[in-house]
Amino acid sequence: MNGLPAPALGYVELLPLIILFAMACVQVLVEAFAPRRVRFNLQLALGILTILAALAAAIANLVRLAPALSAYNQGTATQQGSSLNPGIKVAVGSIAVDGPGLMFTILLLVLGLFAVLVIGERKLGNGVSAFTAQAAATPGSPAEREAIAARNEHTEIFPLFTFALLGMVVFATSNDLLTLFVGLEIMSLPLYLMAGMARRRRLQSQEASLKYFLLGAMSSAIFLYGIALLYGYSGSLTLGGIADAIDANHGYQGGLHDGLLLAGMGLIAVGLLFKVSAVPFHSWTPDVYQGSPTAVTGFMAACTKVAGFAGMLRVFYVALGAQSWNWQPLLAVIAVLTMAVGAILAVTQTDVKRMLAYSAIAHAGFVLTAVTGAAQPENGMVRAGQLSSVSAIVFYLLAYGIGTLGAFAVVTMVRDDNGEVTDLAGWRGLARKSPIVASVFAIFLLSFAGIPLTGGFIGKWSVFVAAWQGGYAWLVVVAVLMSLIAAFFYLRVIVVMFFTEPDSDTRVVMPSWLTLTTVAVGCLATVILGILPGPVLNLVALAPSFIR
Amino acid sequence: MSFPLLTVLAVLPLFGAAVLLIVPKPMARQVGLVFALATLVLGVVTALLATVGGRDFSETLVWIKTFGAHWALGPVDGLALVMVLATVILVPFLLIAEWNTVDLDDKWSARIYFALVLVTESLALFAFLANDLLLFYVFFEATLIPMYFLIGGFGGKRRGYAAIKFLLFGLGGGLIMLAAVVGAGAMSARQGTLSLLYSDLRLVDFNNGFGMAIFVCFLIAFALKNPMVPFHTWLPDAAEEGTPGSSALLVGVLDKLGTFGMIRVCLELFPDASRQAGQIMVLLGLISMIWGAMAAIAQKNLMRMIAFTSVSHFGFIVIGIFSFTTVSLSGAMFYMFGHAFSTAILFLAAGFLVRRRGTAEIAAYGGVQKVAPMLAAVFLIGGLSSLALPGFSSFVAEFMVIAGSFARHPILAGISSIGVVLSAMYILGTYQKVFTGPVTDQVVNTFGADTRRDLSWRERIAVGPLIALLLFFGFFPQPLLAPIADTAATTMHQVGLADPTPTLKGNN
């Protein structure tokens, strides 16, 4: 009875995070001590192994939780007197290891695995990576020329990558607002750096990095202020604690506390919407996606979005679930704006990476329809076992993420003497130069457009059904119209690739197995998820809702 | 579970398309044709076994459990039967007709053309056989992609524009339909178990505001596909720019998905809403029919003219569908069968003309009958079938539609017979301008002074059997009409309307 009781940390449940963190530290040490000759390959191997190990640990956690999840879904757990979702909170309640948390973890790690493969590509750049030879050297300076001549490489990209991934997993599984903020920062800071490390067009890359940093820091500050206000309202930082406080104040309208709650909710939403690049917090996306090294853009577009939505869902559904009538209209408006701005502005783009950036914005809007619908078993909008909003979003992000990684990987392969060609004019007649690459890219685009028999279609279907079941049928109709506009610009790229004559010296360069793996897996997954999505859907349906 | 014959039937052309990509280039066309013919044989055998043999080939497997979607094909009822037959019969002859026209350059070679046609055939067969709403939707939408490449890859000068217009209209309709399918699924989930099987959806009560909205979405999607006025503007462009074979495939098979969907989805799943919309739809069909016919008369381009005749005919089919009599519904279904072939003959004959003369402008012709009598005869036969001359299957169908709809809407049916007159104007008028009169110099320059450049044997093989088929079913419609009438009666039962009994005013 002396002293404080030792907190139960739950090492086994935390294992994916521990592996990522420990290995990121090891990678820093490798950076310091390993000889330069072996460093790149060693870092790449460590990066891949880290993700595989963390993935194994996360899958083991899911397997352990699976019986409880399926019992909950079949309603048998309720009969035993427990309506609570399966899962546990570890590390003194700051990390939630529940079904959706594990799903998002696994999703992040899988996407991260293919992202790191593209980052490790060196064959496309004639034996050097796509990252700057010396980040500290001014672009165009003698120091930079020396570093290039010496074939220097910044292998720091790998520890930064692992830290970013760690931050994303923390963000997706945190159960209190402070941990959420810590996760946000661990994820963002490495990304700011990685965005500025392009080997070619360095000024553009540095501009992207600075923009991303300034706006990101701003949104973090707003997010933190929101946390402070919610703490002021509820006296708690845990998501469950905030939900309890809202329940306790139920029926109490119009007082000071409601102001705190609404303001806090709004400010937190700003931070979260910034990360998923929803309108009106999207303006950084095109510049950053265009300026960053393409491999990093793919990673950001896929994984940051997954982490952002994971955090957003947890905050809104767990902490603010009882306040849904206050945030659903807000998110509905933002969803419409995001789809409209993303789709309409994408039509005018002439740069492939910018076009994909606006497409990423539009996709955030489509996901937001399901977030808005909030068709969850806990609020009775769907029955347990059916596809809830959370499950639908996990599937959508899988189909979107794997396609995005593949699409950006294809972009790295389309080159001329000055590196990657991202101007759409340079893609004219690509199908004649390389029918296979053009067809693969077309498959990704068709999936983004939501054409049946691709993963994108099943994803769209899932989120639209969730939105409709949540009572937002009109939002589905709007989303469908926006899909048509979005389809137009994807098709434009197909027209450019297939139906125009080539008139530039753009060529498709054969990459190493690293990039090829990502492209091939992305393409296969897109088709398989479109034709036989059953197994994956059953898997994501296992985890319909968060623990509170 | 028994042998999945329907899946095999629909997959066969798809498999053929895959094989085409790996066989040596000189053999590609032959291999493609073999697969098309094999599909034809299998399709006819299936049809015979299903109707004469009375075999039930239905397959039902759970496809996506969480969506309530099934891999469900069949049963092959009258409606599915005519559309499957039309598809499998049409495709090999289109390939024969396009044998030499597409081997122009290396990129869009004949191999790709044949493969795309086979893919389209496969997807269309799946859509016609589907017994699950999501499965139907998926294939309905997926047909757009190969067709898009067929138009965009092989057509005329403005093919890029025509292809994207076709695709955007198609996607527009498809996405509206997606919202409708999502809604139908959500309503089914709310009222019981989530299932998108037609048989389960028929039990769902859609008789409320939401159900009506969903019905309207479906209707718009199908009207875009048909196409009906005012959603038709993509069709003339697509038909003008596409090769004659792809235009025939587009109008003959893919556009039928619209009228097919109206029966299968609108009538059978939304009987209450259909009844309410019936009168309006008949009116819209009438507008479509007359508008299309007038526009066809005014066209200066052969391909556009034929496209507009189809707009007119689809309007006629819509009248038949929404008149809610067994006779008119049967007529509409039978019309869908005959129309596929008469339009195909017209497109192919026009294609033969264009290939010789190098333009589709009607004014560029004159007196062709003297230098190409066989070609003139084929065009005339296709045209006469299109204007429903007795002896052709379309006459039987047109008569049934008018007779059936007269019982319910005597005035509108009366007006609709104007369409028959108008169709004589555009067909015979065009025939007169192109084929009769003095032989113009340009025609002599391109056709030669004698009949050497009349139809080749290959071209005769491409259209001959289609003509024979039209005549056969014009005189002996019964083999097809029997299963069609069964289906029409079942559908009428689902709509919940009995045939109006004929009465004489003031006499009872």
# chains A, B, ... in the order shown; residues from 1 in each chain; ligands from 1
$ interface_residues --of "chain B" --to "chain A" --cutoff "10 Å" --atoms "only C-alpha atoms" --output "PyMOL selection string"
chain B and resi 62-69+106-108+134-135+137-145+149+152-154+159-161+163-165+167-187+189-190+194+210+217
$ residues_around --residues "Asp503 (chain A)" --least-positions-apart "5" --cutoff "8 Å" --atoms "only C-alpha atoms" --output "list of chain:residue names"
A:Gly426, A:Arg428, A:Gly429
$ residues_around --residues "Ser220 (chain A)" --least-positions-apart "2" --cutoff "12 Å" --atoms "only C-alpha atoms" --output "number ranges by chain"
A: 178, 180-189, 212-218, 222-227, 267-275
$ write_last_selection --atoms "C-alpha atoms" --output "PDB file, in the first residue's frame"
ATOM      1  CA  LEU A 178      -2.564  14.666 -25.490  1.00  0.00           C
ATOM      2  CA  LEU A 180      -3.208  12.348 -30.088  1.00  0.00           C
ATOM      3  CA  PHE A 181      -1.293  15.611 -30.215  1.00  0.00           C
ATOM      4  CA  VAL A 182       2.016  13.859 -29.598  1.00  0.00           C
ATOM      5  CA  GLY A 183       1.222  11.454 -32.398  1.00  0.00           C
ATOM      6  CA  LEU A 184       0.358  14.370 -34.651  1.00  0.00           C
ATOM      7  CA  GLU A 185       3.723  15.966 -34.056  1.00  0.00           C
ATOM      8  CA  ILE A 186       5.737  12.748 -34.389  1.00  0.00           C
ATOM      9  CA  MET A 187       4.031  12.193 -37.690  1.00  0.00           C
ATOM     10  CA  SER A 188       4.282  15.739 -39.006  1.00  0.00           C
ATOM     11  CA  LEU A 189       7.808  16.843 -38.167  1.00  0.00           C
ATOM     12  CA  TYR A 212       3.781  22.534 -45.236  1.00  0.00           C
ATOM     13  CA  PHE A 213       5.645  23.374 -42.046  1.00  0.00           C
ATOM     14  CA  LEU A 214       4.138  26.823 -41.556  1.00  0.00           C
ATOM     15  CA  LEU A 215       0.579  25.759 -42.251  1.00  0.00           C
ATOM     16  CA  GLY A 216       1.029  22.496 -40.371  1.00  0.00           C
ATOM     17  CA  ALA A 217       2.411  24.270 -37.323  1.00  0.00           C
ATOM     18  CA  MET A 218      -0.496  26.690 -37.459  1.00  0.00           C
ATOM     19  CA  ILE A 222      -5.255  25.483 -33.376  1.00  0.00           C
ATOM     20  CA  PHE A 223      -5.673  21.795 -32.629  1.00  0.00           C
ATOM     21  CA  LEU A 224      -3.888  22.224 -29.309  1.00  0.00           C
ATOM     22  CA  TYR A 225      -6.112  25.138 -28.401  1.00  0.00           C
ATOM     23  CA  GLY A 226      -9.108  22.974 -29.133  1.00  0.00           C
ATOM     24  CA  ILE A 227      -7.736  20.337 -26.787  1.00  0.00           C
ATOM     25  CA  LEU A 267     -10.863  23.946 -33.298  1.00  0.00           C
ATOM     26  CA  ILE A 268     -10.023  20.263 -33.037  1.00  0.00           C
ATOM     27  CA  ALA A 269     -11.904  19.681 -36.263  1.00  0.00           C
ATOM     28  CA  VAL A 270      -9.700  22.267 -37.979  1.00  0.00           C
ATOM     29  CA  GLY A 271      -6.558  20.389 -37.013  1.00  0.00           C
ATOM     30  CA  LEU A 272      -7.968  17.055 -38.127  1.00  0.00           C
ATOM     31  CA  LEU A 273      -9.433  18.372 -41.371  1.00  0.00           C
ATOM     32  CA  PHE A 274      -6.099  19.965 -42.197  1.00  0.00           C
ATOM     33  CA  LYS A 275      -4.385  16.609 -42.029  1.00  0.00           C
TER      34      LYS A 275
END
$ closest_atom_pairs --of "region 410-494 of chain B" --to "region 256-264 of chain B" --cutoff "12 Å" --atoms "only C-alpha atoms" --output "tab-separated table"
residue	atom	partner	partner_atom	distance
B:Thr487	CA	B:Ile263	CA	10.2
B:Ala488	CA	B:Ile263	CA	9.3
B:Thr490	CA	B:Arg264	CA	11.2
B:Thr491	CA	B:Ile263	CA	7.9
B:Met492	CA	B:Ile263	CA	10.1
B:Gln494	CA	B:Arg264	CA	10.8
$ select_by_dssp --residues "region 143-287 of chain B" --states "helix (DSSP H, G or I)" --output "ChimeraX atom specification"
/B:144-154,159-191,198-201,209-225,234-241,244-254,256-269,271-287
$ residues_around --residues "Leu353 (chain B)" --least-positions-apart "3" --cutoff "12 Å" --atoms "only C-alpha atoms" --output "NGL selection string"
:B and (244 or 302-303 or 346-350 or 356-362 or 364-366 or 368-369 or 371-376 or 378-379 or 434-435 or 443 or 446-447 or 453-455 or 459)
$ closest_residue --among "B:Leu286, B:Ile297, B:Leu73, B:Ala489" --to "Ile402 (chain B)" --atoms "only C-alpha atoms"
B:Leu286
